[in-house]
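To start, the structure itself, in structure tokens.
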Amino acid sequence: MVVAVVRSGGIAGLRRRWRAEPAPEQAPTWIELVDRCPWEEHLDPDARGADRYVWSIHARLRDKQLEQVVPDTRLEGAWRELVDAVRGADAGTDEDEH
């Protein structure tokens, strides 16, 4: 199981990446976090606005590959919990890309 988050945008347009590969004993908690997210929901890309962050969230678990792009204004509820968990699990690779 792997969950990755990429945050891009902002004033400088920098990109940050976080990645979590939980140990097998932690998998049930992570599966629950991933399953609670509305992966099939269509999120309006125009809701981003100028200089706002955009969160690209990718999850690979069991036989599923999941992907969603979440505007910063919609990063709430289950999405926020998942992103916070990934960021907490990975001190953050400070790879800023232009």
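Chain labels follow the order of the structure tokens: the first chain is A, the next B, and so on; residue numbering restarts at 1 in every chain, and ligands are counted from 1 in their shown order.
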* Asked: So which bits of chain A end up strand (DSSP E or B) when you DSSP the backbone, as a VMD selection string?
  -> chain A and resid 2 to 9 16 to 20 53 to 61 64 to 71 93
- Compile the contact shell of Glu67 (chain A) as a ChimeraX atom specification: residues with an atom at most 12 Å away, counting only C-alpha atoms, same-chain residues fewer than 3 positions apart removed. /A:2-6,34,37-42,55-61,64,70,79
So which residues touch region 15-22 of chain A within 12 Å, counting only C-alpha atoms, skipping near sequence neighbours fewer than 2 positions away, as a count of residues only? 48
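Coordinates place CA of Arg52 (chain A) at a distance of 15.7 Å from CA of Arg80 (chain A).
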**DSSP helix (DSSP H, G or I) selection over chain A, as a VMD selection string** = chain A and resid 24 to 35 45 to 47 72 to 74 78 to 89
Only C-alpha atoms, please: the residues just picked out, written as a compact mmCIF listing (two decimals), in the first residue's frame.
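The file below, result11.txt, is the result:
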```txt
# COMPACT_ATOMS: atom_id res chain seq x y z
CA PRO A 24 1.28 -4.20 7.38
CA GLU A 25 0.04 -3.80 10.96
CA GLN A 26 -0.98 -0.19 10.17
CA ALA A 27 -2.73 -1.07 6.90
CA PRO A 28 -6.29 -1.33 8.31
CA THR A 29 -6.14 2.25 9.59
CA TRP A 30 -4.83 3.53 6.26
CA ILE A 31 -7.34 1.50 4.23
CA GLU A 32 -10.13 3.11 6.26
CA LEU A 33 -8.70 6.59 5.62
CA VAL A 34 -8.48 5.92 1.88
CA ASP A 35 -11.91 4.29 1.65
CA PRO A 45 -11.03 22.58 -11.27
CA ASP A 46 -12.25 26.18 -11.62
CA ALA A 47 -12.76 26.27 -7.84
CA ASP A 72 -7.33 23.73 -1.71
CA THR A 73 -10.82 25.10 -1.08
CA ARG A 74 -12.17 21.52 -1.08
CA ALA A 78 -11.87 12.81 4.69
CA TRP A 79 -9.50 14.45 2.20
CA ARG A 80 -7.94 16.62 4.91
CA GLU A 81 -7.58 13.62 7.25
CA LEU A 82 -5.84 11.56 4.56
CA VAL A 83 -3.49 14.38 3.53
CA ASP A 84 -2.63 15.14 7.16
CA ALA A 85 -1.91 11.46 7.82
CA VAL A 86 0.41 11.22 4.80
CA ARG A 87 2.21 14.42 5.75
CA GLY A 88 2.58 13.16 9.32
CA ALA A 89 3.96 9.81 8.17
```
